[in-house]
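Trainee: The following file, target_4.cif, comprises mmCIF, C-alpha atoms and all ligand atoms:
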data_data
loop_
_atom_site.label_atom_id
_atom_site.label_comp_id
_atom_site.auth_asym_id
_atom_site.auth_seq_id
_atom_site.Cartn_x
_atom_site.Cartn_y
_atom_site.Cartn_z
CA MET A 14 0.00 0.00 0.00
CA LYS A 15 1.42 3.37 -1.03
CA ILE A 16 1.47 6.17 1.53
CA ALA A 17 2.76 9.70 1.01
CA VAL A 18 4.54 11.42 3.89
CA THR A 19 5.01 15.18 3.57
CA GLY A 20 7.89 16.55 5.63
CA GLY A 21 9.11 12.97 5.68
CA LEU A 22 12.76 13.99 6.13
CA GLY A 23 11.99 16.02 9.24
CA PHE A 24 12.27 14.96 12.87
CA ILE A 25 8.92 13.25 13.44
CA GLY A 26 8.41 12.56 9.74
CA SER A 27 11.58 10.50 9.31
CA HIS A 28 10.81 8.40 12.39
CA THR A 29 7.30 7.78 11.05
CA VAL A 30 8.67 6.75 7.62
CA VAL A 31 10.81 4.13 9.40
CA GLU A 32 7.78 2.74 11.26
CA LEU A 33 5.65 2.69 8.08
CA MET A 34 8.34 0.78 6.18
CA ALA A 35 8.70 -1.66 9.09
CA LYS A 36 5.00 -2.44 8.64
CA GLY A 37 5.46 -3.05 4.91
CA PHE A 38 3.98 0.15 3.53
CA GLU A 39 5.39 1.60 0.30
CA VAL A 40 6.37 5.14 1.25
CA VAL A 41 6.77 8.22 -0.95
CA VAL A 42 8.52 11.01 0.94
CA ILE A 43 7.76 14.61 -0.02
CA ASP A 44 10.06 17.30 1.33
CA ASN A 45 11.28 20.71 0.12
CA LEU A 46 14.52 20.38 2.14
CA SER A 47 13.94 23.81 3.72
CA ASN A 48 14.40 22.35 7.20
CA ALA A 49 15.82 18.89 6.52
CA SER A 50 18.80 17.31 4.80
CA VAL A 51 18.49 14.82 1.95
CA GLU A 52 21.05 12.67 3.82
CA VAL A 53 18.21 11.70 6.16
CA LEU A 54 17.22 9.25 3.41
CA ASP A 55 20.49 7.38 4.11
CA GLY A 56 19.66 7.27 7.80
CA ILE A 57 16.22 5.83 7.02
CA ALA A 58 17.81 3.27 4.68
CA ALA A 59 20.33 2.28 7.37
CA ILE A 60 17.38 1.28 9.57
CA SER A 61 14.88 0.05 6.97
CA GLY A 62 17.29 -1.58 4.56
CA VAL A 63 15.96 0.41 1.61
CA LYS A 64 15.54 4.07 0.71
CA PRO A 65 11.93 5.26 0.33
CA GLN A 66 10.92 7.04 -2.88
CA PHE A 67 11.69 10.75 -2.53
CA GLU A 68 10.13 13.72 -4.32
CA GLU A 69 11.63 17.14 -3.64
CA MET A 70 8.64 19.42 -3.79
CA ASP A 71 7.38 22.68 -2.32
CA LEU A 72 3.74 22.21 -1.37
CA ARG A 73 3.09 25.92 -1.92
CA ASP A 74 3.38 25.15 -5.65
CA LYS A 75 -0.19 24.17 -6.55
CA ALA A 76 0.80 22.79 -9.96
CA SER A 77 3.47 20.52 -8.43
CA VAL A 78 0.98 19.19 -5.91
CA ALA A 79 -1.52 18.43 -8.70
CA ALA A 80 1.17 16.74 -10.79
CA PHE A 81 2.17 14.58 -7.81
CA PHE A 82 -1.35 13.26 -7.36
CA LYS A 83 -1.71 12.60 -11.10
CA GLN A 84 1.44 10.48 -10.87
CA HIS A 85 0.35 8.61 -7.73
CA THR A 86 -3.29 7.70 -8.30
CA ASP A 87 -2.69 4.52 -6.28
CA LEU A 88 -2.10 6.49 -3.08
CA LYS A 89 -3.98 4.97 -0.11
CA GLY A 90 -3.23 7.70 2.40
CA MET A 91 -1.16 10.71 3.36
CA ILE A 92 0.56 11.74 6.58
CA HIS A 93 1.11 15.48 6.56
CA PHE A 94 4.02 16.79 8.63
CA ALA A 95 5.36 19.49 6.31
CA ALA A 96 4.96 22.87 7.99
CA SER A 97 6.97 25.71 9.47
CA LYS A 98 7.01 25.27 13.24
CA ALA A 99 9.12 27.93 14.95
CA VAL A 100 6.82 29.82 17.30
CA GLY A 101 9.00 32.94 17.48
CA GLU A 102 9.56 33.10 13.72
CA SER A 103 5.82 32.85 13.15
CA VAL A 104 5.27 36.01 15.20
CA GLU A 105 7.81 37.90 13.07
CA ASN A 106 6.63 36.47 9.73
CA PRO A 107 2.96 35.45 10.02
CA LEU A 108 2.15 35.49 6.30
CA LEU A 109 4.96 33.02 5.60
CA TYR A 110 3.31 30.70 8.14
CA TYR A 111 -0.21 31.14 6.77
CA GLU A 112 0.98 30.59 3.20
CA ASN A 113 3.20 27.62 3.99
CA ASN A 114 1.14 25.85 6.61
CA LEU A 115 -2.37 26.57 5.35
CA GLY A 116 -1.96 27.26 1.61
CA SER A 117 -0.22 23.93 1.11
CA LEU A 118 -2.82 22.14 3.24
CA VAL A 119 -5.61 23.42 0.97
CA TYR A 120 -3.75 22.29 -2.18
CA LEU A 121 -3.18 18.82 -0.71
CA LEU A 122 -6.81 18.38 0.29
CA GLN A 123 -8.11 19.62 -3.07
CA GLU A 124 -6.19 16.79 -4.77
CA LEU A 125 -6.61 14.12 -2.08
CA GLN A 126 -10.40 14.31 -2.16
CA GLN A 127 -10.36 13.20 -5.78
CA LEU A 128 -8.76 9.84 -4.93
CA PRO A 129 -10.81 6.73 -4.15
CA GLU A 130 -9.05 6.50 -0.75
CA ALA A 131 -8.65 9.86 1.01
CA ASN A 132 -7.08 8.95 4.37
CA PHE A 133 -5.31 11.93 5.95
CA ILE A 134 -3.27 12.04 9.14
CA PHE A 135 -2.58 15.60 10.33
CA SER A 136 0.29 16.71 12.50
CA SER A 137 -1.32 18.95 15.10
CA SER A 138 -0.07 20.13 18.46
CA CYS A 139 -1.03 20.57 22.10
CA THR A 140 -0.33 24.22 21.43
CA VAL A 141 -3.98 24.49 20.38
CA TYR A 142 -4.95 24.20 24.05
CA GLY A 143 -2.83 27.13 25.18
CA GLN A 144 -2.78 27.12 28.99
CA SER A 145 -5.55 24.62 29.67
CA LYS A 146 -7.59 25.33 32.77
CA THR A 147 -7.76 21.59 33.47
CA LEU A 148 -4.87 19.14 33.77
CA PRO A 149 -4.23 16.54 32.47
CA ILE A 150 -5.55 17.87 29.14
CA THR A 151 -8.29 15.91 27.37
CA GLU A 152 -9.25 16.24 23.71
CA ASN A 153 -12.40 18.07 24.85
CA ALA A 154 -10.41 20.79 26.60
CA ALA A 155 -11.25 24.28 25.37
CA ILE A 156 -9.28 25.49 22.36
CA GLN A 157 -7.79 28.77 23.56
CA PRO A 158 -7.09 31.74 21.26
CA ALA A 159 -3.76 30.92 19.65
CA MET A 160 -0.72 32.52 21.27
CA SER A 161 1.19 32.63 17.98
CA PRO A 162 0.52 32.48 14.23
CA TYR A 163 2.16 29.04 14.32
CA GLY A 164 -0.37 27.84 16.88
CA ASN A 165 -3.14 29.47 14.85
CA THR A 166 -2.12 27.52 11.75
CA LYS A 167 -2.65 24.31 13.71
CA GLN A 168 -6.08 25.43 14.95
CA VAL A 169 -7.21 26.69 11.54
CA GLY A 170 -5.65 23.66 9.87
CA GLU A 171 -7.86 21.39 11.96
CA GLU A 172 -10.93 23.44 10.97
CA ILE A 173 -10.02 23.31 7.26
CA ILE A 174 -9.77 19.52 7.43
CA LYS A 175 -13.12 19.21 9.24
CA ASP A 176 -14.86 21.44 6.68
CA ALA A 177 -13.31 19.56 3.77
CA ALA A 178 -14.21 16.17 5.25
CA ASN A 179 -17.84 17.29 5.63
CA VAL A 180 -18.22 17.58 1.84
CA SER A 181 -15.84 14.94 0.51
CA ASN A 182 -14.61 11.38 1.03
CA ILE A 183 -11.75 12.63 3.20
CA LYS A 184 -11.36 10.73 6.50
CA SER A 185 -8.84 12.18 8.92
CA VAL A 186 -7.14 11.74 12.28
CA LEU A 187 -5.72 14.85 13.94
CA LEU A 188 -2.83 13.99 16.24
CA ARG A 189 -2.08 16.62 18.89
CA TYR A 190 1.52 16.07 19.93
CA PHE A 191 2.75 17.16 23.30
CA ASN A 192 6.56 17.47 23.31
CA PRO A 193 8.28 14.96 21.00
CA VAL A 194 11.91 14.37 22.07
CA GLY A 195 14.68 11.82 21.67
CA ALA A 196 15.93 9.99 18.57
CA HIS A 197 15.87 6.55 16.98
CA PRO A 198 17.80 4.14 19.29
CA SER A 199 20.01 3.18 16.33
CA ALA A 200 21.26 6.82 16.18
CA ASN A 201 20.73 6.76 12.40
CA ILE A 202 18.07 9.48 12.52
CA GLY A 203 17.23 12.17 15.05
CA GLU A 204 16.55 15.85 15.55
CA LEU A 205 18.59 18.24 13.38
CA PRO A 206 17.60 21.76 14.43
CA LEU A 207 18.93 24.52 12.18
CA GLY A 208 20.92 27.20 14.00
CA VAL A 209 20.43 27.77 17.72
CA PRO A 210 17.89 25.22 19.02
CA GLN A 211 14.65 26.78 20.27
CA ASN A 212 13.53 23.57 21.97
CA LEU A 213 14.80 22.32 25.32
CA VAL A 214 16.20 18.88 24.55
CA PRO A 215 18.36 19.68 21.52
CA PHE A 216 19.74 22.65 23.44
CA ILE A 217 20.62 20.31 26.32
CA THR A 218 22.40 17.80 24.07
CA GLN A 219 24.27 20.53 22.19
CA THR A 220 25.38 22.03 25.53
CA ALA A 221 26.60 18.62 26.70
CA ALA A 222 28.42 18.24 23.36
CA GLY A 223 30.20 21.55 23.96
CA LEU A 224 28.46 23.47 21.17
CA ARG A 225 26.69 25.76 23.68
CA LYS A 226 28.21 27.24 26.82
CA GLU A 227 25.24 26.60 29.09
CA LEU A 228 21.49 26.08 29.05
CA SER A 229 19.29 29.05 29.96
CA VAL A 230 16.33 27.86 32.02
CA TYR A 231 13.46 30.22 31.30
CA GLY A 232 12.18 30.99 34.78
CA ASN A 233 12.04 29.10 38.06
CA ASP A 234 9.26 30.88 39.92
CA TYR A 235 6.29 29.25 38.25
CA PRO A 236 3.69 27.62 40.52
CA THR A 237 5.11 24.13 39.95
CA SER A 238 6.97 21.57 42.10
CA ASP A 239 10.37 23.18 41.49
CA GLY A 240 9.34 26.48 39.90
CA THR A 241 10.13 25.47 36.31
CA CYS A 242 7.57 24.77 33.57
CA VAL A 243 5.95 21.38 33.15
CA ARG A 244 5.62 19.58 29.82
CA ASP A 245 4.76 16.08 28.58
CA TYR A 246 7.94 14.84 26.90
CA ILE A 247 7.12 11.92 24.62
CA HIS A 248 9.68 9.76 22.82
CA VAL A 249 9.60 10.44 19.08
CA VAL A 250 9.49 6.69 18.32
CA ASP A 251 6.27 6.38 20.34
CA VAL A 252 4.88 9.36 18.42
CA ALA A 253 5.85 7.72 15.11
CA LYS A 254 4.20 4.42 16.01
CA ALA A 255 0.98 6.27 16.84
CA HIS A 256 0.85 7.58 13.26
CA VAL A 257 0.93 4.06 11.84
CA VAL A 258 -1.83 2.95 14.23
CA ALA A 259 -3.94 5.97 13.26
CA LEU A 260 -3.41 5.35 9.54
CA GLN A 261 -4.33 1.66 9.87
CA ARG A 262 -7.50 2.72 11.72
CA LEU A 263 -8.58 4.75 8.68
CA LEU A 264 -7.52 2.08 6.18
CA ASP A 265 -9.60 -0.45 8.11
CA ASN A 266 -12.53 2.01 8.32
CA LYS A 267 -12.52 1.71 12.10
CA ASN A 268 -12.87 5.46 12.64
CA THR A 269 -16.09 6.45 14.42
CA ASP A 270 -16.16 9.96 12.94
CA LYS A 271 -14.93 11.37 9.66
CA VAL A 272 -12.44 13.47 11.64
CA GLU A 273 -11.08 12.18 14.95
CA VAL A 274 -8.74 13.88 17.42
CA PHE A 275 -6.19 12.20 19.72
CA ASN A 276 -3.65 13.59 22.15
CA LEU A 277 -0.20 12.03 21.87
CA GLY A 278 1.56 12.21 25.21
CA THR A 279 2.83 10.05 28.04
CA GLY A 280 0.31 11.44 30.51
CA LYS A 281 3.20 12.44 32.78
CA GLY A 282 4.42 15.99 33.27
CA SER A 283 8.10 16.74 33.86
CA THR A 284 9.65 20.04 34.92
CA VAL A 285 12.64 21.52 33.09
CA LEU A 286 14.87 20.65 36.04
CA GLU A 287 13.59 17.06 36.01
CA VAL A 288 14.52 16.82 32.32
CA ILE A 289 18.00 18.10 33.14
CA GLN A 290 18.28 15.56 35.97
CA ALA A 291 17.16 12.72 33.67
CA PHE A 292 19.75 13.78 31.11
CA GLU A 293 22.54 13.98 33.70
CA LYS A 294 21.60 10.53 35.00
CA VAL A 295 21.73 8.77 31.63
CA SER A 296 24.71 10.71 30.23
CA GLY A 297 26.84 10.81 33.37
CA LYS A 298 27.54 14.46 32.54
CA ARG A 299 26.78 17.53 34.59
CA LEU A 300 24.79 20.01 32.55
CA PRO A 301 25.77 23.68 33.04
CA TYR A 302 22.71 25.90 33.23
CA LYS A 303 21.55 29.24 34.59
CA ILE A 304 18.11 30.52 35.52
CA VAL A 305 17.04 33.48 33.37
CA ASP A 306 13.81 35.40 32.75
CA LYS A 307 10.64 33.63 31.68
CA ARG A 308 10.09 33.18 27.95
CA PRO A 309 7.04 35.11 26.72
CA GLY A 310 4.26 32.79 25.57
CA ASP A 311 5.29 29.80 27.68
CA VAL A 312 2.40 28.04 29.38
CA ILE A 313 3.00 26.99 32.98
CA ALA A 314 2.07 23.33 32.57
CA ALA A 315 0.78 21.01 29.86
CA TYR A 316 0.52 17.25 29.95
CA ALA A 317 -1.88 14.86 28.25
CA ASP A 318 -4.83 12.84 29.39
CA THR A 319 -4.01 9.74 27.32
CA ARG A 320 -7.15 7.68 27.94
CA LYS A 321 -8.74 8.32 24.55
CA ALA A 322 -5.61 7.37 22.63
CA ASN A 323 -5.06 4.34 24.89
CA ASP A 324 -8.65 3.08 24.82
CA GLU A 325 -9.97 4.10 21.39
CA LEU A 326 -6.85 4.33 19.25
CA GLY A 327 -5.33 1.34 21.02
CA TRP A 328 -1.92 2.97 21.43
CA LYS A 329 0.16 3.90 24.45
CA THR A 330 3.71 5.05 25.03
CA LYS A 331 6.31 2.41 25.85
CA LEU A 332 9.40 4.61 26.23
CA THR A 333 10.35 6.85 29.13
CA LEU A 334 11.90 10.30 29.54
CA GLU A 335 15.20 8.61 30.39
CA ASP A 336 14.97 6.50 27.21
CA ALA A 337 14.48 9.73 25.27
CA MET A 338 17.44 11.43 26.96
CA ARG A 339 19.62 8.38 26.33
CA ASP A 340 18.68 8.26 22.65
CA ALA A 341 18.95 12.03 22.16
CA TRP A 342 22.45 12.01 23.68
CA LYS A 343 23.54 8.96 21.60
CA TRP A 344 22.35 10.78 18.46
CA GLU A 345 24.12 14.04 19.40
CA ARG A 346 27.37 12.15 20.02
CA LYS A 347 27.00 10.37 16.67
CA ILE A 348 26.54 13.55 14.63
CA ARG A 349 29.34 15.35 16.50
CA SER A 350 31.67 12.32 16.40
CA ILE A 351 32.01 12.35 20.18
CA ASP A 352 33.02 9.00 21.72
CA ASN A 353 32.10 9.12 25.43
C1 LIG A 401 9.93 23.25 26.73
C2 LIG A 401 10.21 23.87 28.09
C3 LIG A 401 10.65 26.23 28.05
C4 LIG A 401 14.38 25.96 25.78
C5 LIG A 401 7.17 24.09 21.48
C6 LIG A 401 6.05 24.50 20.59
C7 LIG A 401 5.14 23.31 20.35
C8 LIG A 401 5.96 22.17 19.81
C9 LIG A 401 7.08 21.82 20.78
C10 LIG A 401 5.91 22.18 17.41
C11 LIG A 401 9.54 25.23 28.26
C12 LIG A 401 11.88 25.45 28.51
C13 LIG A 401 13.21 25.64 26.45
C14 LIG A 401 15.47 26.50 26.51
C15 LIG A 401 14.17 26.37 28.52
N1 LIG A 401 6.52 22.50 18.56
N2 LIG A 401 13.11 25.83 27.79
N3 LIG A 401 15.32 26.69 27.86
O1 LIG A 401 7.64 25.54 24.09
O2 LIG A 401 6.73 23.42 25.18
O3 LIG A 401 6.65 23.67 22.71
O4 LIG A 401 7.87 23.01 20.92
O5 LIG A 401 4.86 21.65 17.28
O6 LIG A 401 4.17 23.69 19.42
O7 LIG A 401 5.30 25.49 21.24
O8 LIG A 401 8.84 23.30 23.84
O9 LIG A 401 11.21 22.64 24.05
O10 LIG A 401 10.64 25.06 23.43
O11 LIG A 401 10.23 24.25 25.75
O12 LIG A 401 14.06 26.56 29.74
O13 LIG A 401 16.57 26.83 25.97
O14 LIG A 401 11.61 24.10 28.21
O15 LIG A 401 10.48 27.40 28.84
O16 LIG A 401 9.12 25.33 29.60
P1 LIG A 401 7.44 24.07 24.05
P2 LIG A 401 10.31 23.82 24.21
#
Show the structure stored in the file as structure tokens.
Ligand code: WQD
Mentor:
Amino acid sequence: MKIAVTGGLGFIGSHTVVELMAKGFEVVVIDNLSNASVEVLDGIAAISGVKPQFEEMDLRDKASVAAFFKQHTDLKGMIHFAASKAVGESVENPLLYYENNLGSLVYLLQELQQLPEANFIFSSSCTVYGQSKTLPITENAAIQPAMSPYGNTKQVGEEIIKDAANVSNIKSVLLRYFNPVGAHPSANIGELPLGVPQNLVPFITQTAAGLRKELSVYGNDYPTSDGTCVRDYIHVVDVAKAHVVALQRLLDNKNTDKVEVFNLGTGKGSTVLEVIQAFEKVSGKRLPYKIVDKRPGDVIAAYADTRKANDELGWKTKLTLEDAMRDAWKWERKIRSIDN
């Protein structure tokens, strides 16, 4: 069965391609290489034994998207990761985010709905909840006004898919990720942030690798156990496996609604200091850090209520925060050619 994966050379995309190939799917990767390296194909092949088909394409190019679907009329589904995802950048350049994240989504759906099988898995985010008033966060939690254009593209993206599904044969699962971290245990693929990492875990591993002087912890006077923010850090391999389960659900017509929503998290919240401690434990290294001012836009705490994904989707996480720290550090050492 042929499945297209947009953004398939990215962090979560590449791990999902590996899991799809392990299940015997024929995968066509679409990526414009704006935030990923074509060498990721070699990393996927090192794990899967074969390179997936790859089409370099910018999904903002309507004609290219149409040509792709004319070439792949045997497509059985699509997993859509391709999007710009830097919160800060989206504030500075909102129209780039609306064009890239929403324009391309419309073009994809316009073509997908013409296929006999229109199964669509959408990469969404817990960011749609903002600071939820209830914890852990269920899929029914209120959608708060987006705190960034990036977050708004996820909220509006979900609405576009629902409206399209109402009038077409599109069936979709929206997966709201909490905080994907870690790397494939083989260290053949992992996170490759461009420039200075915005996210916590790659900044930690780059600091431990000596690329950064120290980690800045954004505030330690939040109303949490140790004053630092709480997040639900989920191993990227668990996130990837959830995508295959969600796709199979649609292929088997087991979905109970045309558009379904699932949170992808561990159900456990960890503070920034707890993440640092987990990293120090598995790496045996002390991580230099300093407490600095809070980062604007950060929510105090977010972690998932995982019952719906566990009970209805039939998926649950198997890997821990320490597994993720171990794998993230192994990957960092591999790409920096560090032995210990
Ligand atoms: C986690 C915690 C920071 C960096 C974002 C997006 C979300 C999703 C995941 C795409 C926070 C603290 C961080 C640092 C720190 N992305 N931190 N020092 O902000 O929860 O989520 O990335 O879908 O949509 O919003 O992740 O890793 O940036 O931060 O103290 O150098 O680590 O304050 O509490 P976040 P993060």
Trainee: Any idea what the distance is between atom CA of A:Asn132 and atom CA of A:Lys98?
Mentor: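 It comes out at 23.3 Å.
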Trainee: Enumerate, in order of chain and increasing residue number, the residues of chain A with an atom no farther than 9 Å from ligand LIG 401 (chain A), each with its shortest atom pair and distance in Å to one decimal, counting all atoms listed in the file, as JSON lines.
Mentor:
{"residue": "A:Ser97", "atom": "CA", "partner": "A:LIG401", "partner_atom": "C10", "distance": 8.8}
{"residue": "A:Lys98", "atom": "CA", "partner": "A:LIG401", "partner_atom": "C10", "distance": 5.3}
{"residue": "A:Ala99", "atom": "CA", "partner": "A:LIG401", "partner_atom": "N1", "distance": 7.0}
{"residue": "A:Val100", "atom": "CA", "partner": "A:LIG401", "partner_atom": "O7", "distance": 6.0}
{"residue": "A:Ser136", "atom": "CA", "partner": "A:LIG401", "partner_atom": "O5", "distance": 8.3}
{"residue": "A:Ser137", "atom": "CA", "partner": "A:LIG401", "partner_atom": "O5", "distance": 7.1}
{"residue": "A:Ser138", "atom": "CA", "partner": "A:LIG401", "partner_atom": "O5", "distance": 5.3}
{"residue": "A:Cys139", "atom": "CA", "partner": "A:LIG401", "partner_atom": "O6", "distance": 6.6}
{"residue": "A:Thr140", "atom": "CA", "partner": "A:LIG401", "partner_atom": "O6", "distance": 5.0}
{"residue": "A:Val141", "atom": "CA", "partner": "A:LIG401", "partner_atom": "O6", "distance": 8.2}
{"residue": "A:Ser161", "atom": "CA", "partner": "A:LIG401", "partner_atom": "O7", "distance": 8.9}
{"residue": "A:Tyr163", "atom": "CA", "partner": "A:LIG401", "partner_atom": "O6", "distance": 7.7}
{"residue": "A:Gly164", "atom": "CA", "partner": "A:LIG401", "partner_atom": "O6", "distance": 6.7}
{"residue": "A:Lys167", "atom": "CA", "partner": "A:LIG401", "partner_atom": "O5", "distance": 8.7}
{"residue": "A:Arg189", "atom": "CA", "partner": "A:LIG401", "partner_atom": "O5", "distance": 8.7}
{"residue": "A:Tyr190", "atom": "CA", "partner": "A:LIG401", "partner_atom": "O5", "distance": 7.0}
{"residue": "A:Phe191", "atom": "CA", "partner": "A:LIG401", "partner_atom": "C9", "distance": 6.8}
{"residue": "A:Asn192", "atom": "CA", "partner": "A:LIG401", "partner_atom": "C9", "distance": 5.1}
{"residue": "A:Pro193", "atom": "CA", "partner": "A:LIG401", "partner_atom": "C9", "distance": 7.0}
{"residue": "A:Val194", "atom": "CA", "partner": "A:LIG401", "partner_atom": "O9", "distance": 8.5}
{"residue": "A:Pro210", "atom": "CA", "partner": "A:LIG401", "partner_atom": "O13", "distance": 7.3}
{"residue": "A:Gln211", "atom": "CA", "partner": "A:LIG401", "partner_atom": "O10", "distance": 5.4}
{"residue": "A:Asn212", "atom": "CA", "partner": "A:LIG401", "partner_atom": "O9", "distance": 3.3}
{"residue": "A:Leu213", "atom": "CA", "partner": "A:LIG401", "partner_atom": "C4", "distance": 3.7}
{"residue": "A:Val214", "atom": "CA", "partner": "A:LIG401", "partner_atom": "O9", "distance": 6.3}
{"residue": "A:Pro215", "atom": "CA", "partner": "A:LIG401", "partner_atom": "O9", "distance": 8.1}
{"residue": "A:Phe216", "atom": "CA", "partner": "A:LIG401", "partner_atom": "O13", "distance": 5.8}
{"residue": "A:Ile217", "atom": "CA", "partner": "A:LIG401", "partner_atom": "O13", "distance": 7.7}
{"residue": "A:Leu228", "atom": "CA", "partner": "A:LIG401", "partner_atom": "O13", "distance": 5.9}
{"residue": "A:Ser229", "atom": "CA", "partner": "A:LIG401", "partner_atom": "N3", "distance": 5.1}
{"residue": "A:Val230", "atom": "CA", "partner": "A:LIG401", "partner_atom": "O12", "distance": 3.5}
{"residue": "A:Tyr231", "atom": "CA", "partner": "A:LIG401", "partner_atom": "O12", "distance": 4.0}
{"residue": "A:Gly232", "atom": "CA", "partner": "A:LIG401", "partner_atom": "O12", "distance": 7.0}
{"residue": "A:Asn233", "atom": "CA", "partner": "A:LIG401", "partner_atom": "O12", "distance": 8.9}
{"residue": "A:Thr241", "atom": "CA", "partner": "A:LIG401", "partner_atom": "O16", "distance": 6.8}
{"residue": "A:Cys242", "atom": "CA", "partner": "A:LIG401", "partner_atom": "O16", "distance": 4.3}
{"residue": "A:Val243", "atom": "CA", "partner": "A:LIG401", "partner_atom": "O16", "distance": 6.2}
{"residue": "A:Arg244", "atom": "CA", "partner": "A:LIG401", "partner_atom": "O2", "distance": 6.1}
{"residue": "A:Asp245", "atom": "CA", "partner": "A:LIG401", "partner_atom": "O2", "distance": 8.3}
{"residue": "A:Tyr246", "atom": "CA", "partner": "A:LIG401", "partner_atom": "C1", "distance": 8.6}
{"residue": "A:Thr284", "atom": "CA", "partner": "A:LIG401", "partner_atom": "O16", "distance": 7.5}
{"residue": "A:Val285", "atom": "CA", "partner": "A:LIG401", "partner_atom": "O14", "distance": 5.6}
{"residue": "A:Leu286", "atom": "CA", "partner": "A:LIG401", "partner_atom": "O12", "distance": 8.7}
{"residue": "A:Val288", "atom": "CA", "partner": "A:LIG401", "partner_atom": "O14", "distance": 8.9}
{"residue": "A:Ile304", "atom": "CA", "partner": "A:LIG401", "partner_atom": "O12", "distance": 8.1}
{"residue": "A:Val305", "atom": "CA", "partner": "A:LIG401", "partner_atom": "O12", "distance": 8.4}
{"residue": "A:Lys307", "atom": "CA", "partner": "A:LIG401", "partner_atom": "O15", "distance": 6.8}
{"residue": "A:Arg308", "atom": "CA", "partner": "A:LIG401", "partner_atom": "O15", "distance": 5.9}
{"residue": "A:Pro309", "atom": "CA", "partner": "A:LIG401", "partner_atom": "O15", "distance": 8.7}
{"residue": "A:Gly310", "atom": "CA", "partner": "A:LIG401", "partner_atom": "O1", "distance": 8.1}
{"residue": "A:Asp311", "atom": "CA", "partner": "A:LIG401", "partner_atom": "O15", "distance": 5.8}
{"residue": "A:Val312", "atom": "CA", "partner": "A:LIG401", "partner_atom": "O16", "distance": 7.2}
{"residue": "A:Ile313", "atom": "CA", "partner": "A:LIG401", "partner_atom": "O16", "distance": 7.2}
{"residue": "A:Ala314", "atom": "CA", "partner": "A:LIG401", "partner_atom": "O16", "distance": 7.9}
{"residue": "A:Ala315", "atom": "CA", "partner": "A:LIG401", "partner_atom": "O2", "distance": 7.9}
Trainee: If we count all atoms listed in the file, what is near stretch 171-179 of chain A at a cut-off of 12 Å, once residues fewer than 4 positions away on the same chain are taken out, given as a PyMOL selection string?
Mentor: chain A and resi 93+114-127+131-138+141+156+164-167+183-189+270-274
Trainee: Given the choices A:Asp44, A:Glu130, A:Asp318, A:Glu39, which gets closest to A:Ala154 if the distance is worked out from all atoms listed in the file?
Mentor: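 Closest residue, counting all atoms listed in the file: A:Asp318.
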Trainee: Quote the spacing between atom CA of A:Arg339 and atom CA of A:Ile25 in Å to one decimal place.
Mentor: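 Atom-to-atom, atom CA of A:Arg339 and atom CA of A:Ile25 are spaced 17.4 Å apart.
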Trainee: Using only C-alpha atoms, determine which residues lie at most 12 Å from A:Ala49, disregarding the query and same-chain residues fewer than 6 positions distant; provide the list as number ranges by chain.
Mentor: A: 19-27, 43, 69, 95-97, 202-207
Trainee: Please compute the atom CA of A:Leu260-atom CA of A:His85 distance, one decimal, in Å.
Mentor: 18.0 Å
Trainee: Would you list the residues near (20.9, 20.0, 31.0) (no more than 7 Å away, in the coordinates of the file, using all atoms listed in the file) as JSON, numbers by chain?
Mentor: {"A": [217, 228, 289, 292, 293, 300, 301, 302]}
Trainee: Can I get stretch 234-240 of chain A with N, CA, C and O atoms filled in, as a compact mmCIF listing (two decimals), in the frame of the given file?
Mentor:
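The new file rebuild_7.txt reads:
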# COMPACT_ATOMS: atom_id res chain seq x y z
N ASP A 234 10.21 30.48 38.86
CA ASP A 234 9.26 30.88 39.92
C ASP A 234 7.82 30.69 39.44
O ASP A 234 6.93 31.46 39.77
N TYR A 235 7.65 29.64 38.65
CA TYR A 235 6.29 29.25 38.25
C TYR A 235 5.66 28.46 39.39
O TYR A 235 6.39 27.87 40.21
N PRO A 236 4.34 28.39 39.43
CA PRO A 236 3.69 27.62 40.52
C PRO A 236 3.72 26.11 40.23
O PRO A 236 2.71 25.47 39.97
N THR A 237 4.95 25.57 40.22
CA THR A 237 5.11 24.13 39.95
C THR A 237 6.01 23.55 41.05
O THR A 237 6.52 24.27 41.89
N SER A 238 6.25 22.25 41.00
CA SER A 238 6.97 21.57 42.10
C SER A 238 8.35 22.19 42.35
O SER A 238 8.79 22.32 43.48
N ASP A 239 9.04 22.59 41.27
CA ASP A 239 10.37 23.18 41.49
C ASP A 239 10.48 24.57 40.85
O ASP A 239 11.59 25.11 40.71
N GLY A 240 9.34 25.11 40.43
CA GLY A 240 9.34 26.48 39.90
C GLY A 240 9.56 26.57 38.40
O GLY A 240 9.37 27.63 37.80
